[in-house]
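A short worksheet on the structure shown next.
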Amino acid sequence: MTEEERAEARSRIAEGKGLRSSREVQQLIVRHYSEAQQAHSNGKLVAWLTALSPVELLYAMEVVPVFPENYSAVCASTGVAPEYMEAAESKGYSRDLCSYFRCNFGHVIQGGGPMDGLPKPDFLLATGNVCYTRVKWWETLSHTLKAPLFFIDVPTAGEYSDYAINYFMSQLQDFTTFLEKQTGHKLDDAKLKEAIQLSDRTGALWTELMELRRKIPCPMGVLDALSDMFVLVTYVGTKAPVELLEKVRDEVRDVVKHSIGVVPNEKYRLLFDNIPPWFDLRLIKYFQSYGGSFVVEPYTQFVWSSRMDPSKPLRSLAVKYVTLGLEDLDRKYPNLGLKEPDKSGFDIRILLNIQFAKEYSVDAVVIHWNRSCKQMSIGEMEVKNSLQELGLPVLVFEGDMVDQRYYQEDQVKAKIDAFFEMLGQQT
Amino acid sequence: MGTPTSIFRQLYKNRNDFLASWKKQGKKVFGYFCTYTPEEIIYAAGILSIRTSVDVASTAMADAYLPNFICSYARQCLDAALKDQYKGLDGYVSAYTCDTIRNLLWVWKRLVPSKYIDFISFPSKATDKALDFLLQELIRSKTKLEKFCGKQITDQALLKAIRVYNENRTLLSKVYDLRKSDPPLISGTEALDIVRAATVISKEEHSTYLKQFTSYVKERDNLPKGRVRLLVSGPVVQDINLIETIENSGGTIVADDLCLGSRYFWDTVDMNGDPLKAIAKRYLGRARCPCRHPPEERLKYVMRMVEDFKADGAVFLLQKFCDTHFFEHPFLEEKLKENGIPSLLIEIEQSTPIGAVKTRVEAFIEMLEGTNR
């Protein structure tokens with residue numbers, strides 16, 4: 001970046017417009033979907049993956065990955081999701097099922113959609129590391145699209161044992177054989193090593209960025225982090241996220257040097273938990289209008305900062321995708337005892353929330369009680385209680401990440417108004 | 001204790017009496033949520049394992065901790081625990097099935113004082129590699145339990161547990177065989193009363209009652225008079241009223257694909273070879289619930305039930321918010337239809353309005369009769 005560009009970036013941020021580099025994400029989103037559309041004519045295979053699948057391996061095999069979860073978020077933010085969800089419901093899929101799924105299934109049976117839609121998959125990959133909902137979703141896709149499904153079983157998320165890592169690694173070997181059969185060519189070890197190296201570099205940059213957000217005022221907002229995450233999900237293992245995050249990092253460092261906050265007049269540093277309502281990201285701006293700045297969200301932490309060892313590619317992938325970042329976090333916070341056998345994944349989540357609240361100088365917490373993500377939402381009241389015990393005010397609003405029918409904008413805004421009024425009285 | 005048929009309902013109703021007498025002998029009791037918990041290991045440690053069951057419809061206390069968009073079974077269990085209804089339980093062992101049950105245990109661990117809690121990472125597919133993993137996990141779980149009990153769990157103790165559990169499973173299968181004839185010798189309500197009781201008392205006690213029941217039934221003359229033969233499919237259905245309502249609407253339930261039904265006991269453990277490995281094999285390969293991949297395996301099981309028990313139609317009793325079941329429903333419905341088996345979907349909650357269920361089942365049965373004619 002030239003000094004002129006830096007100055008321009010600084011004034012943009014000072015006006016509350018977010019990072020300059022985040023604008024580049026938009027181009028990468030377009031590039032991702034157009035690469036997917038052109039894959040078949042370029043002689044490449046297309047795979048539909050659950051997010052947090054070992055995508056580095058697919059890049060090494062030159063398969064083009066597509067992420068239906070991300071696409072559902074895109075459908076929600078562009079307003080086409082309701083129609084898709086209704087189409088899925090008319091085929092007998094309950095309104096209580098995950099809205100990412102309903103939106104995606106509606107897209108599959110109806111076609112169309114933003115970015116010219118998704119190309120048909122040659123095969124499907126589901127990884128069981130986040131929730132079982134996605135496994136059922138991918139089984140349904142396999143039946144509907146008549147595409148073969150490979151399922152990598154991860155019996156539990158966030159826990160760690162040697163045999164869990166070995167189980168994952170042995171399935172990765174089977175998956176490699178599956179890939180070699182699908183693509184008709186062998187895995188090139190050098191290419192895999194390169195993908196792992198790039199993945200490691202991405203994790204290192206992300207770690208640095210997340211640490212920079214601890215600065216007061218916070219130089220990088222939740223909208224910037226969520227945009228960048230799109231690139232982390234889709235492109236990890238390639239150069240794209242490395243190149244992007246280097247720019248973001250330079251810009252953020254510069255902003256920090258000039259003590260500029262991403263929210264002008266930062267008054268309250270906020271922690272956000274759960275997946276945001278993608279159809280109403282303006283809500284974030286509403287918090288900003290009260291001087292509320294989202295400085296940390298567990299959703300953008302954990303696995304995204306994973307470091308990898310290129311000399312042990314399969315093991316690195318297993319550690320990353322089984323423990324979802326726990327291995328790195330345990331190294332970072334040895335005093336929390338994250339790997340003690342009696343700590344459940346949920347205990348770990350609470351410990352880390354408390355840790356984040358301290359490290360990021362958090363003043364208050366906002367929780368989205370997201371109907372579509374049971375995995376994240378079941379324990380949300382205990383997250384709330386444990387943070388309240390630290391003396392932090394907590395706002396909980398009910399909603400859904402895609403389905404607007406479960407979200408009452410007026411009520412949510414009234415709750416936010418009351419919350420900031422209460423915060424104002426406290427200080 | 002009443003006629004042999006009503007005994008099982010009494011056993012379930014008075015399950016706390018059994019628990020109290022068991023505890024009086026200075027013995028321990030563990031609870032479990034899903035039938036993937038390998039009970040033989042707990043038995044081999046000298047501990048009784050029972051399924052956490054609920055009578056009350058209220059979830060007011062649990063609602064302060066759990067969202068209202070997860071299944072009422074999970075909310076009811078936590079509610080009962082917060083009301084001290086599981087005071088007699090010394091611990092809980094859960095195995096991974098669905099995300100709700102996994103997270104329930106983790107919230108539970110923070111809220112319900114328990115001397116012992118263990119979560120078994122259970123694979124979702126049944127391959128040789130999954131078996132290797134599960135065996136390691138069962139060794140870990142067993143070692144943890146040994147530490148808690150202060151004694152070793154020997155192979156002999158495991159083999160005895162397998163014998164006791166296998167006997168009970170075989171007896172239950174024989175009870176189910178009584179339903180293959182036309183008319184069946186027992187009703188679906190009776191069958192499910194029997195299975196439900198098996199989850200809240202000791203297997204030895206239950207097997208003793210089962211033997212008496214089987215010899216009694218062969219001499220009875222008031223047989224179920226349903227006009228059509230039905231299979232019921234779904235997750236855990238603890239409310240026997242629902243089953244009775246279906247049978248009072250003109251159908252007889254001859255078979256099931258229920259968690260608190262055939263799926264609980266259908267498969268036995270191999271008595272040969274390493275007992276722990278045999279246990280792992282049984283739980284991995286057992287009648288699948290939709291938390292297991294791939295759905296085709298469960299479909300095979302459902303189709304075999306339909307054929308062996310000659311069902312004319314199927315009723316899905318699906319617990320609201322039970323995602324895995326709702327995901328599989330359109331698939332199963334379509335496959336059943338392709339095989340000439342119409343089905344009806346009823347969504348159930350902790351208090352399902354019985355009148356509405358009756359109306360819908362009656363209409364469904366009339367439709368089935370029309371097709372059969």
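Chain identifiers are assigned as A, B, and so on, following the order in which chains appear in the structure tokens; residues are numbered from 1 within each chain, and ligands are numbered from 1 in order of appearance.
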List the neighbours of Pro183 in chain B out to 12 Å using only C-alpha atoms; skip same-chain residues closer than 5 positions along the sequence, and give me the result as a PyMOL selection string.
chain B and resi 178+188+221-229+251-254+309-311
Based on only C-alpha atoms, which of the residues in chain B come within 6 Å of chain A? I want them as a ChimeraX atom specification.
/B:65-66,99,121-123
Mind checking DSSP for range 64-147 of chain A and telling me the strand (DSSP E or B) residues as number ranges by chain?
A: 64-66, 123-127
With only C-alpha atoms as the atoms that count, which of A:Asn70, A:Gln425, A:Gln27, A:Asn265 lies nearest to Ile13 in chain A?
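Counting only C-alpha atoms, the residue closest to Ile13 in chain A is A:Asn265.
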Given the choices A:Arg23, A:Arg315, A:His32, A:Arg6, which gets closest to Val233 in chain A if the distance is worked out from only C-alpha atoms?
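Nearest candidate to Val233 in chain A out of A:Arg23, A:Arg315, A:His32, A:Arg6: A:His32.
For Thr214 in chain B, the list of residues within 9 Å, based on only C-alpha atoms and with local chain neighbours fewer than 5 positions off taken out, reads B:Leu171, B:Lys174, B:Val175, B:Leu178, B:Tyr209.
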For those residues, write C-alpha atoms to a file as a short mmCIF file (atom, residue, chain, number, x, y, z; two decimals), in the first residue's frame.
data_model
loop_
_atom_site.label_atom_id
_atom_site.label_comp_id
_atom_site.auth_asym_id
_atom_site.auth_seq_id
_atom_site.Cartn_x
_atom_site.Cartn_y
_atom_site.Cartn_z
CA LEU B 171 -36.76 -63.07 25.51
CA LYS B 174 -39.65 -63.89 21.46
CA VAL B 175 -42.31 -61.51 22.74
CA LEU B 178 -45.88 -63.27 19.14
CA TYR B 209 -41.39 -61.42 34.45
#
Would you return as number ranges by chain the members of range 63-160 of chain A that DSSP assigns to alpha helix (DSSP H) on this structure's backbone?
A: 68-77, 81-90, 99-110, 133-145
Mind checking which residues fall within 10 Å of Ile243 in chain B, counting only C-alpha atoms, ignoring those fewer than 2 positions away in the same chain, and posting them as a PDB file with N, CA and C atoms, in the first residue's frame?
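Contents of selection35.pdb, as written:
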ATOM      1  N   SER B 187     -50.791 -56.864  21.914  1.00  0.00           N
ATOM      2  CA  SER B 187     -50.956 -55.556  21.268  1.00  0.00           C
ATOM      3  C   SER B 187     -49.635 -54.795  21.279  1.00  0.00           C
ATOM      4  N   GLY B 188     -49.592 -53.742  20.493  1.00  0.00           N
ATOM      5  CA  GLY B 188     -48.404 -52.895  20.473  1.00  0.00           C
ATOM      6  C   GLY B 188     -48.227 -52.171  21.802  1.00  0.00           C
ATOM      7  N   THR B 189     -49.358 -51.826  22.417  1.00  0.00           N
ATOM      8  CA  THR B 189     -49.289 -51.150  23.713  1.00  0.00           C
ATOM      9  C   THR B 189     -48.605 -52.055  24.735  1.00  0.00           C
ATOM     10  N   GLU B 190     -48.999 -53.332  24.730  1.00  0.00           N
ATOM     11  CA  GLU B 190     -48.371 -54.280  25.661  1.00  0.00           C
ATOM     12  C   GLU B 190     -46.885 -54.421  25.373  1.00  0.00           C
ATOM     13  N   LEU B 192     -44.815 -52.348  23.980  1.00  0.00           N
ATOM     14  CA  LEU B 192     -44.006 -51.191  24.344  1.00  0.00           C
ATOM     15  C   LEU B 192     -43.986 -50.956  25.854  1.00  0.00           C
ATOM     16  N   ASP B 193     -45.066 -51.359  26.537  1.00  0.00           N
ATOM     17  CA  ASP B 193     -45.044 -51.358  28.004  1.00  0.00           C
ATOM     18  C   ASP B 193     -43.904 -52.250  28.499  1.00  0.00           C
ATOM     19  N   VAL B 232     -44.816 -48.607  13.892  1.00  0.00           N
ATOM     20  CA  VAL B 232     -44.557 -47.226  14.310  1.00  0.00           C
ATOM     21  C   VAL B 232     -43.052 -46.975  14.291  1.00  0.00           C
ATOM     22  N   VAL B 237     -40.368 -42.640  22.468  1.00  0.00           N
ATOM     23  CA  VAL B 237     -41.757 -42.283  22.740  1.00  0.00           C
ATOM     24  C   VAL B 237     -42.086 -42.859  24.111  1.00  0.00           C
ATOM     25  N   GLN B 238     -42.038 -42.005  25.124  1.00  0.00           N
ATOM     26  CA  GLN B 238     -42.288 -42.516  26.479  1.00  0.00           C
ATOM     27  C   GLN B 238     -43.768 -42.504  26.824  1.00  0.00           C
ATOM     28  N   ASP B 239     -44.522 -41.705  26.073  1.00  0.00           N
ATOM     29  CA  ASP B 239     -45.936 -41.534  26.376  1.00  0.00           C
ATOM     30  C   ASP B 239     -46.737 -42.674  25.761  1.00  0.00           C
ATOM     31  N   ILE B 240     -47.087 -43.653  26.585  1.00  0.00           N
ATOM     32  CA  ILE B 240     -47.770 -44.845  26.089  1.00  0.00           C
ATOM     33  C   ILE B 240     -49.191 -44.519  25.622  1.00  0.00           C
ATOM     34  N   ASN B 241     -49.736 -43.364  26.076  1.00  0.00           N
ATOM     35  CA  ASN B 241     -51.058 -42.922  25.616  1.00  0.00           C
ATOM     36  C   ASN B 241     -51.137 -42.808  24.106  1.00  0.00           C
ATOM     37  N   THR B 245     -53.649 -44.723  21.832  1.00  0.00           N
ATOM     38  CA  THR B 245     -54.578 -43.974  20.975  1.00  0.00           C
ATOM     39  C   THR B 245     -54.595 -44.548  19.563  1.00  0.00           C
ATOM     40  N   ILE B 246     -53.432 -44.883  19.051  1.00  0.00           N
ATOM     41  CA  ILE B 246     -53.373 -45.465  17.703  1.00  0.00           C
ATOM     42  C   ILE B 246     -54.147 -46.784  17.685  1.00  0.00           C
ATOM     43  N   GLU B 247     -53.956 -47.577  18.730  1.00  0.00           N
ATOM     44  CA  GLU B 247     -54.624 -48.887  18.755  1.00  0.00           C
ATOM     45  C   GLU B 247     -56.126 -48.758  19.036  1.00  0.00           C
ATOM     46  N   ASN B 248     -56.515 -47.657  19.685  1.00  0.00           N
ATOM     47  CA  ASN B 248     -57.950 -47.432  19.902  1.00  0.00           C
ATOM     48  C   ASN B 248     -58.616 -46.827  18.672  1.00  0.00           C
ATOM     49  N   THR B 252     -53.715 -52.186  14.821  1.00  0.00           N
ATOM     50  CA  THR B 252     -52.875 -52.868  15.799  1.00  0.00           C
ATOM     51  C   THR B 252     -51.428 -52.632  15.400  1.00  0.00           C
ATOM     52  N   ILE B 253     -50.626 -52.229  16.378  1.00  0.00           N
ATOM     53  CA  ILE B 253     -49.210 -52.015  16.102  1.00  0.00           C
ATOM     54  C   ILE B 253     -48.521 -53.372  16.219  1.00  0.00           C
ATOM     55  N   LEU B 317     -44.039 -41.356  14.527  1.00  0.00           N
ATOM     56  CA  LEU B 317     -44.285 -40.499  15.698  1.00  0.00           C
ATOM     57  C   LEU B 317     -42.982 -39.756  15.947  1.00  0.00           C
TER      58      LEU B 317
END
Of the listed residues B:Phe8, B:Phe316, B:Tyr96, B:Tyr32, that which approaches Ile50 in chain B most closely, counting only C-alpha atoms
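Among B:Phe8, B:Phe316, B:Tyr96, B:Tyr32, it is B:Tyr32 that comes nearest to Ile50 in chain B.
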